[in-house]
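Since the structure comes first, as structure tokens, the remarks are kept for the end.
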Amino acid sequence: MTAAVAARMSLEGHLRRAIERQEFVLHFQPKSDLRSGQVTGVEALLRWQRPGHGLVAPDRFVSVLEDTGMILPVGAWVIRAACQQLSAWDRLGLPPIRLAVNLSARQFRHQFLASLIEDTLLENAIEPDRLEIELTESLLMEDNETTRAMFEHFRRIGVRVAIDDFGTGHSSLSYIKRFNVDSLKIDRSFVQSLPDNDEDVAIAAAVIALGRSMRMCVVAEGVETVAQAELLLELGCDEMQCYLLSRPMAGTEFVAW
Ligand code: C2E
Ligand code: CA
Ligand code: CA
């Protein structure tokens, strides 16, 4: 336990310095329309360029950022840097794709989030409906004043809202209806064992039917084989974001891709 606590404190210290030294970078993973194959957008994914450690994946440090509140400055940077990148792509003449960013509960509850998003969109001349905020189910389960107020802000600004990792938390049909969600992202764990696992086929079919009947865009995550993509297309899924299409990549690589 002592060793674990010491390791965690050391990581915390390194992360504080990482903010000062601007060691965070964004990678972007494309999403495509399953029917047409057209690229519809990208999701910005955080990476830590840690000296001596290479590129560190978010699973290794995002929870520490969340617990310590460092996710507020880092999350604000993610929103700004991702929007700047989108605007740079626009200036290069790339098609007007959408941009998705992940939000932690802690950021979601923060009073300046809405104005941060609004200002950043304006500064970068990005139409609000090109930005999609990805939220997890647990965050939406807290149906309180703050959640409702934040959704009203989002509606007013005109940004889109997606439910991330759908099916892994307490999936509740009532919040989907109440909060007017634009997209559902089916979690990778349900896609992995397609097309052979009958139960997972049934779950995927049900989620896709639910999303479509509520006029949401259904996105499958973690598609790794052509057989999976074909089945999802057959079931009526709209988009995919996965290694089959591309791994996340640096902004400059994305242009070439
Ligand atoms: P997520 O939002 O569910 O992001 C998708 C993750 O799945 C990414 O991992 C991506 O690389 C991975 N992935 C995509 N396609 C495939 C596939 O076909 N197969 C497999 N096995 N994996 C695939 P990544 O980049 O390591 O991110 C992990 C998580 O870290 C994200 O999961 C998200 O919850 C969190 N995260 C990333 N960036 C941010 C951020 O800026 N803010 C916050 N709060 N969380 C972030
Ligand atoms: Ca996400
Ligand atoms: Ca996800």
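Labeling convention for the structure tokens: chains A, B, ... as they appear, residues from 1 per chain, ligands from 1 in order of appearance.
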Select from chain A every residue with an atom at most 12 Å from any atom of ligand 3, then for each give the shortest pair of atoms and their distance in Å to one decimal, using only C-alpha atoms and all ligand atoms, rows by chain and rising number, as a tab-separated table.
```
residue	atom	partner	partner_atom_place_in_ligand_line	distance
A:Gln29	CA	ligand 3	1 (Ca)	11.7
A:Glu43	CA	ligand 3	1 (Ca)	10.0
A:Ala44	CA	ligand 3	1 (Ca)	11.8
A:Leu45	CA	ligand 3	1 (Ca)	10.7
A:Ala100	CA	ligand 3	1 (Ca)	11.2
A:Val101	CA	ligand 3	1 (Ca)	11.0
A:Asn102	CA	ligand 3	1 (Ca)	9.1
A:Leu103	CA	ligand 3	1 (Ca)	11.6
A:Glu134	CA	ligand 3	1 (Ca)	8.5
A:Leu135	CA	ligand 3	1 (Ca)	9.3
A:Thr136	CA	ligand 3	1 (Ca)	8.4
A:Glu137	CA	ligand 3	1 (Ca)	10.9
A:Ala162	CA	ligand 3	1 (Ca)	10.0
A:Ile163	CA	ligand 3	1 (Ca)	8.4
A:Asp164	CA	ligand 3	1 (Ca)	4.7
A:Asp165	CA	ligand 3	1 (Ca)	4.2
A:Phe166	CA	ligand 3	1 (Ca)	7.6
A:Gly167	CA	ligand 3	1 (Ca)	10.3
A:Thr168	CA	ligand 3	1 (Ca)	9.8
A:Gly169	CA	ligand 3	1 (Ca)	11.7
A:Ser183	CA	ligand 3	1 (Ca)	11.8
A:Leu184	CA	ligand 3	1 (Ca)	9.7
A:Lys185	CA	ligand 3	1 (Ca)	6.5
A:Ile186	CA	ligand 3	1 (Ca)	7.4
A:Asp187	CA	ligand 3	1 (Ca)	5.7
A:Arg188	CA	ligand 3	1 (Ca)	7.1
A:Ser189	CA	ligand 3	1 (Ca)	9.8
A:Phe190	CA	ligand 3	1 (Ca)	11.4
A:Val191	CA	ligand 3	1 (Ca)	11.6
A:Val219	CA	ligand 3	1 (Ca)	9.7
A:Ala220	CA	ligand 3	1 (Ca)	9.0
A:Glu221	CA	ligand 3	1 (Ca)	6.5
A:Gly222	CA	ligand 3	1 (Ca)	8.5
A:Val223	CA	ligand 3	1 (Ca)	11.9
A:Met240	CA	ligand 3	1 (Ca)	11.3
A:Gln241	CA	ligand 3	1 (Ca)	9.3
A:Cys242	CA	ligand 3	1 (Ca)	10.2
```
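The neighbours of region 145-161 of chain A here are the residues that come within 8 Å of it, using only C-alpha atoms and leaving out any residue fewer than 5 positions away in the same chain; they are Phe108, Arg109, Ala114, Glu118, Pro128, Asp129, Arg130, Leu131, Glu132, Ile133, Glu134, Leu135, Leu140, Phe179, Val181, Asp182 and Ser183 of chain A.
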Hey, can you spit out that residue selection with C-alpha atoms as a compact mmCIF listing (two decimals), in the first residue's frame?
```txt
# COMPACT_ATOMS: atom_id res chain seq x y z
CA PHE A 108 -19.16 19.04 -16.70
CA ARG A 109 -20.09 20.40 -13.31
CA ALA A 114 -20.33 26.56 -21.24
CA GLU A 118 -18.83 29.17 -26.58
CA PRO A 128 -21.48 24.88 -32.89
CA ASP A 129 -23.06 21.77 -34.40
CA ARG A 130 -19.62 20.64 -35.56
CA LEU A 131 -18.58 20.11 -31.95
CA GLU A 132 -19.76 17.00 -30.13
CA ILE A 133 -19.34 16.59 -26.39
CA GLU A 134 -18.90 12.97 -25.27
CA LEU A 135 -20.34 12.17 -21.86
CA LEU A 140 -26.14 11.67 -16.76
CA PHE A 179 -31.67 15.23 -22.37
CA VAL A 181 -28.99 13.15 -26.89
CA ASP A 182 -27.67 13.29 -30.50
CA SER A 183 -25.47 10.16 -30.67
```
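What separates CA of Met214 (chain A) from CA of Leu173 (chain A) is a distance of 10.4 Å.
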All residues 7 Å or closer to region 230-233 of chain A, only C-alpha atoms, same chain fewer than 5 positions away omitted, as number ranges by chain: A: 34-35, 195
I need the residues from that last selection saved to file as an mmCIF file, in the first residue's frame (with N, CA and C atoms), if you can.
```cif
data_model
loop_
_atom_site.group_PDB
_atom_site.id
_atom_site.type_symbol
_atom_site.label_atom_id
_atom_site.label_comp_id
_atom_site.auth_asym_id
_atom_site.auth_seq_id
_atom_site.Cartn_x
_atom_site.Cartn_y
_atom_site.Cartn_z
ATOM 1 N N LEU A 34 -20.927 4.197 -42.137
ATOM 2 C CA LEU A 34 -20.829 2.790 -42.531
ATOM 3 C C LEU A 34 -21.362 2.543 -43.937
ATOM 4 N N ARG A 35 -22.362 3.310 -44.328
ATOM 5 C CA ARG A 35 -22.961 3.088 -45.650
ATOM 6 C C ARG A 35 -22.087 3.634 -46.774
ATOM 7 N N PRO A 195 -19.134 -11.316 -35.055
ATOM 8 C CA PRO A 195 -20.558 -11.643 -35.197
ATOM 9 C C PRO A 195 -20.936 -12.991 -34.575
#
```
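Of the residues listed (A:Trp77, A:Phe28, A:Trp48, A:Trp257), A:Phe28 shows the shortest atom-to-atom separation from ligand 2; distances use only C-alpha atoms and all ligand atoms.
For region 61-75 of chain A, the list of residues within 9 Å, based on only C-alpha atoms and with local chain neighbours fewer than 6 positions off taken out, reads A:Arg8, A:Leu11, A:Glu12, A:Leu15, A:Arg16, A:Ile19, A:Phe24, A:Leu46, A:Trp48, A:Asn102, A:Leu103, A:Ser104, A:Ala105, A:Arg106, A:Gln107, A:His110.
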Quick one: residues within 7 Å of Ile97 (chain A), only C-alpha atoms counted, chain neighbours fewer than 2 positions away excluded, as a PyMOL selection string? chain A and resi 40-41+95+99
What is the distance between CA of Gln85 (chain A) and CA of His14 (chain A), in Å to one decimal? 26.2 Å
Considering only strand (DSSP E or B) as DSSP defines it on the backbone, what residues of region 15-191 of chain A qualify? List them as a PyMOL selection string. chain A and resi 24-33+39-50+54-56+98-102+131-136+160-166+183-186
Among region 158-192 of chain A, which ones does DSSP place in helix (DSSP H, G or I), written as a PDB file with all heavy atoms, in the first residue's frame?
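File written: part.pdb
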```pdb
ATOM      1  N   LEU A 173     -33.189   4.751 -20.169  1.00  0.00           N
ATOM      2  CA  LEU A 173     -33.887   5.316 -21.323  1.00  0.00           C
ATOM      3  C   LEU A 173     -34.443   6.689 -20.980  1.00  0.00           C
ATOM      4  O   LEU A 173     -34.630   7.524 -21.855  1.00  0.00           O
ATOM      5  CB  LEU A 173     -35.006   4.376 -21.762  1.00  0.00           C
ATOM      6  CG  LEU A 173     -34.512   2.964 -22.082  1.00  0.00           C
ATOM      7  CD1 LEU A 173     -35.647   2.133 -22.647  1.00  0.00           C
ATOM      8  CD2 LEU A 173     -33.349   2.984 -23.059  1.00  0.00           C
ATOM      9  N   SER A 174     -34.694   6.917 -19.674  1.00  0.00           N
ATOM     10  CA  SER A 174     -35.313   8.193 -19.323  1.00  0.00           C
ATOM     11  C   SER A 174     -34.365   9.367 -19.563  1.00  0.00           C
ATOM     12  O   SER A 174     -34.777  10.397 -20.050  1.00  0.00           O
ATOM     13  CB  SER A 174     -35.794   8.175 -17.878  1.00  0.00           C
ATOM     14  OG  SER A 174     -34.699   8.007 -17.031  1.00  0.00           O
ATOM     15  N   TYR A 175     -33.066   9.190 -19.271  1.00  0.00           N
ATOM     16  CA  TYR A 175     -32.188  10.347 -19.492  1.00  0.00           C
ATOM     17  C   TYR A 175     -31.997  10.631 -20.963  1.00  0.00           C
ATOM     18  O   TYR A 175     -31.841  11.773 -21.378  1.00  0.00           O
ATOM     19  CB  TYR A 175     -30.861  10.216 -18.734  1.00  0.00           C
ATOM     20  CG  TYR A 175     -29.832   9.256 -19.306  1.00  0.00           C
ATOM     21  CD1 TYR A 175     -29.250   9.470 -20.551  1.00  0.00           C
ATOM     22  CD2 TYR A 175     -29.417   8.151 -18.569  1.00  0.00           C
ATOM     23  CE1 TYR A 175     -28.309   8.592 -21.061  1.00  0.00           C
ATOM     24  CE2 TYR A 175     -28.471   7.271 -19.068  1.00  0.00           C
ATOM     25  CZ  TYR A 175     -27.935   7.494 -20.315  1.00  0.00           C
ATOM     26  OH  TYR A 175     -27.001   6.640 -20.817  1.00  0.00           O
ATOM     27  N   ILE A 176     -32.009   9.574 -21.776  1.00  0.00           N
ATOM     28  CA  ILE A 176     -31.832   9.785 -23.222  1.00  0.00           C
ATOM     29  C   ILE A 176     -32.974  10.649 -23.746  1.00  0.00           C
ATOM     30  O   ILE A 176     -32.776  11.566 -24.533  1.00  0.00           O
ATOM     31  CB  ILE A 176     -31.827   8.432 -23.963  1.00  0.00           C
ATOM     32  CG1 ILE A 176     -30.575   7.647 -23.581  1.00  0.00           C
ATOM     33  CG2 ILE A 176     -31.885   8.642 -25.462  1.00  0.00           C
ATOM     34  CD1 ILE A 176     -30.531   6.269 -24.177  1.00  0.00           C
ATOM     35  N   LYS A 177     -34.161  10.351 -23.249  1.00  0.00           N
ATOM     36  CA  LYS A 177     -35.338  11.095 -23.688  1.00  0.00           C
ATOM     37  C   LYS A 177     -35.281  12.519 -23.140  1.00  0.00           C
ATOM     38  O   LYS A 177     -35.444  13.490 -23.865  1.00  0.00           O
ATOM     39  CB  LYS A 177     -36.578  10.375 -23.167  1.00  0.00           C
ATOM     40  CG  LYS A 177     -37.846  10.954 -23.687  1.00  0.00           C
ATOM     41  CD  LYS A 177     -39.028  10.089 -23.290  1.00  0.00           C
ATOM     42  CE  LYS A 177     -40.254  10.969 -23.191  1.00  0.00           C
ATOM     43  NZ  LYS A 177     -41.007  10.786 -21.982  1.00  0.00           N
ATOM     44  N   ARG A 178     -34.978  12.615 -21.847  1.00  0.00           N
ATOM     45  CA  ARG A 178     -35.011  13.921 -21.184  1.00  0.00           C
ATOM     46  C   ARG A 178     -33.965  14.868 -21.740  1.00  0.00           C
ATOM     47  O   ARG A 178     -34.197  16.038 -21.918  1.00  0.00           O
ATOM     48  CB  ARG A 178     -34.798  13.706 -19.684  1.00  0.00           C
ATOM     49  CG  ARG A 178     -35.146  14.888 -18.843  1.00  0.00           C
ATOM     50  CD  ARG A 178     -35.213  14.487 -17.395  1.00  0.00           C
ATOM     51  NE  ARG A 178     -34.058  13.697 -16.975  1.00  0.00           N
ATOM     52  CZ  ARG A 178     -34.117  12.500 -16.411  1.00  0.00           C
ATOM     53  NH1 ARG A 178     -35.271  11.938 -16.190  1.00  0.00           N
ATOM     54  NH2 ARG A 178     -33.026  11.874 -16.072  1.00  0.00           N
ATOM     55  N   PHE A 179     -32.774  14.341 -22.011  1.00  0.00           N
ATOM     56  CA  PHE A 179     -31.673  15.231 -22.370  1.00  0.00           C
ATOM     57  C   PHE A 179     -31.455  15.370 -23.871  1.00  0.00           C
ATOM     58  O   PHE A 179     -30.524  16.044 -24.296  1.00  0.00           O
ATOM     59  CB  PHE A 179     -30.379  14.774 -21.694  1.00  0.00           C
ATOM     60  CG  PHE A 179     -30.424  14.915 -20.206  1.00  0.00           C
ATOM     61  CD1 PHE A 179     -29.941  13.910 -19.388  1.00  0.00           C
ATOM     62  CD2 PHE A 179     -30.930  16.065 -19.618  1.00  0.00           C
ATOM     63  CE1 PHE A 179     -29.970  14.037 -18.009  1.00  0.00           C
ATOM     64  CE2 PHE A 179     -30.968  16.195 -18.240  1.00  0.00           C
ATOM     65  CZ  PHE A 179     -30.490  15.177 -17.434  1.00  0.00           C
ATOM     66  N   ARG A 188     -17.068  -0.761 -27.079  1.00  0.00           N
ATOM     67  CA  ARG A 188     -16.229  -1.772 -27.720  1.00  0.00           C
ATOM     68  C   ARG A 188     -16.502  -3.188 -27.215  1.00  0.00           C
ATOM     69  O   ARG A 188     -16.434  -4.158 -27.953  1.00  0.00           O
ATOM     70  CB  ARG A 188     -14.792  -1.363 -27.431  1.00  0.00           C
ATOM     71  CG  ARG A 188     -13.746  -2.210 -27.959  1.00  0.00           C
ATOM     72  CD  ARG A 188     -12.425  -1.471 -27.970  1.00  0.00           C
ATOM     73  NE  ARG A 188     -11.736  -1.491 -26.689  1.00  0.00           N
ATOM     74  CZ  ARG A 188     -11.249  -0.421 -26.102  1.00  0.00           C
ATOM     75  NH1 ARG A 188     -11.407   0.756 -26.642  1.00  0.00           N
ATOM     76  NH2 ARG A 188     -10.616  -0.522 -24.967  1.00  0.00           N
ATOM     77  N   SER A 189     -16.816  -3.324 -25.909  1.00  0.00           N
ATOM     78  CA  SER A 189     -16.991  -4.660 -25.335  1.00  0.00           C
ATOM     79  C   SER A 189     -18.140  -5.428 -25.995  1.00  0.00           C
ATOM     80  O   SER A 189     -18.150  -6.649 -25.992  1.00  0.00           O
ATOM     81  CB  SER A 189     -17.202  -4.564 -23.831  1.00  0.00           C
ATOM     82  OG  SER A 189     -18.298  -3.735 -23.550  1.00  0.00           O
ATOM     83  N   PHE A 190     -19.130  -4.704 -26.563  1.00  0.00           N
ATOM     84  CA  PHE A 190     -20.241  -5.398 -27.234  1.00  0.00           C
ATOM     85  C   PHE A 190     -19.917  -5.703 -28.689  1.00  0.00           C
ATOM     86  O   PHE A 190     -20.592  -6.498 -29.326  1.00  0.00           O
ATOM     87  CB  PHE A 190     -21.516  -4.552 -27.178  1.00  0.00           C
ATOM     88  CG  PHE A 190     -21.959  -4.255 -25.779  1.00  0.00           C
ATOM     89  CD1 PHE A 190     -21.900  -2.969 -25.286  1.00  0.00           C
ATOM     90  CD2 PHE A 190     -22.402  -5.269 -24.948  1.00  0.00           C
ATOM     91  CE1 PHE A 190     -22.285  -2.692 -23.992  1.00  0.00           C
ATOM     92  CE2 PHE A 190     -22.789  -4.998 -23.646  1.00  0.00           C
ATOM     93  CZ  PHE A 190     -22.730  -3.705 -23.168  1.00  0.00           C
ATOM     94  N   VAL A 191     -18.914  -5.013 -29.206  1.00  0.00           N
ATOM     95  CA  VAL A 191     -18.577  -5.159 -30.631  1.00  0.00           C
ATOM     96  C   VAL A 191     -17.558  -6.288 -30.820  1.00  0.00           C
ATOM     97  O   VAL A 191     -17.618  -7.046 -31.783  1.00  0.00           O
ATOM     98  CB  VAL A 191     -18.030  -3.822 -31.183  1.00  0.00           C
ATOM     99  CG1 VAL A 191     -17.549  -3.977 -32.614  1.00  0.00           C
ATOM    100  CG2 VAL A 191     -19.094  -2.730 -31.080  1.00  0.00           C
TER     101      VAL A 191
END
```
note - CA of Ala7 (chain A) and atom 13 (N, counted along the ligand's line) of ligand 1 are separated by 26.9 Å
Extract, using only C-alpha atoms, all DNA, RNA and protein residues at most 9 Å from Val255 (chain A), discarding same-chain residues fewer than 6 positions from it, and format them as a PDB file with N, CA, C and O atoms, in the first residue's frame.
```pdb
ATOM      1  N   TRP A  89      -7.431  22.721 -39.981  1.00  0.00           N
ATOM      2  CA  TRP A  89      -7.827  21.820 -41.084  1.00  0.00           C
ATOM      3  C   TRP A  89      -8.778  22.531 -42.034  1.00  0.00           C
ATOM      4  O   TRP A  89      -8.716  22.333 -43.246  1.00  0.00           O
ATOM      5  N   LEU A  92      -6.913  24.609 -44.327  1.00  0.00           N
ATOM      6  CA  LEU A  92      -6.207  23.812 -45.344  1.00  0.00           C
ATOM      7  C   LEU A  92      -7.148  23.310 -46.437  1.00  0.00           C
ATOM      8  O   LEU A  92      -6.728  22.714 -47.409  1.00  0.00           O
ATOM      9  N   LEU A  94      -9.737  21.103 -45.888  1.00  0.00           N
ATOM     10  CA  LEU A  94     -10.301  19.762 -45.652  1.00  0.00           C
ATOM     11  C   LEU A  94     -11.827  19.862 -45.567  1.00  0.00           C
ATOM     12  O   LEU A  94     -12.347  20.905 -45.198  1.00  0.00           O
TER      13      LEU A  94
END
```
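Nearest-residue note for ligand 1: choosing from A:Pro248, A:Gly13, A:Gly52, A:Pro96, the minimum distance belongs to A:Pro248, counting only C-alpha atoms and all ligand atoms.
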Contact residues around Ala202 (chain A) with only C-alpha atoms at 12 Å, ignoring same-chain residues under 3 positions, as a list in words: Phe190, Val191, Ser193, Leu194, Pro195, Asp196, Asn197, Asp198, Glu199, Ala205, Ala206, Val207, Ile208, Ala209, Leu231, Leu232 and Leu235 of chain A
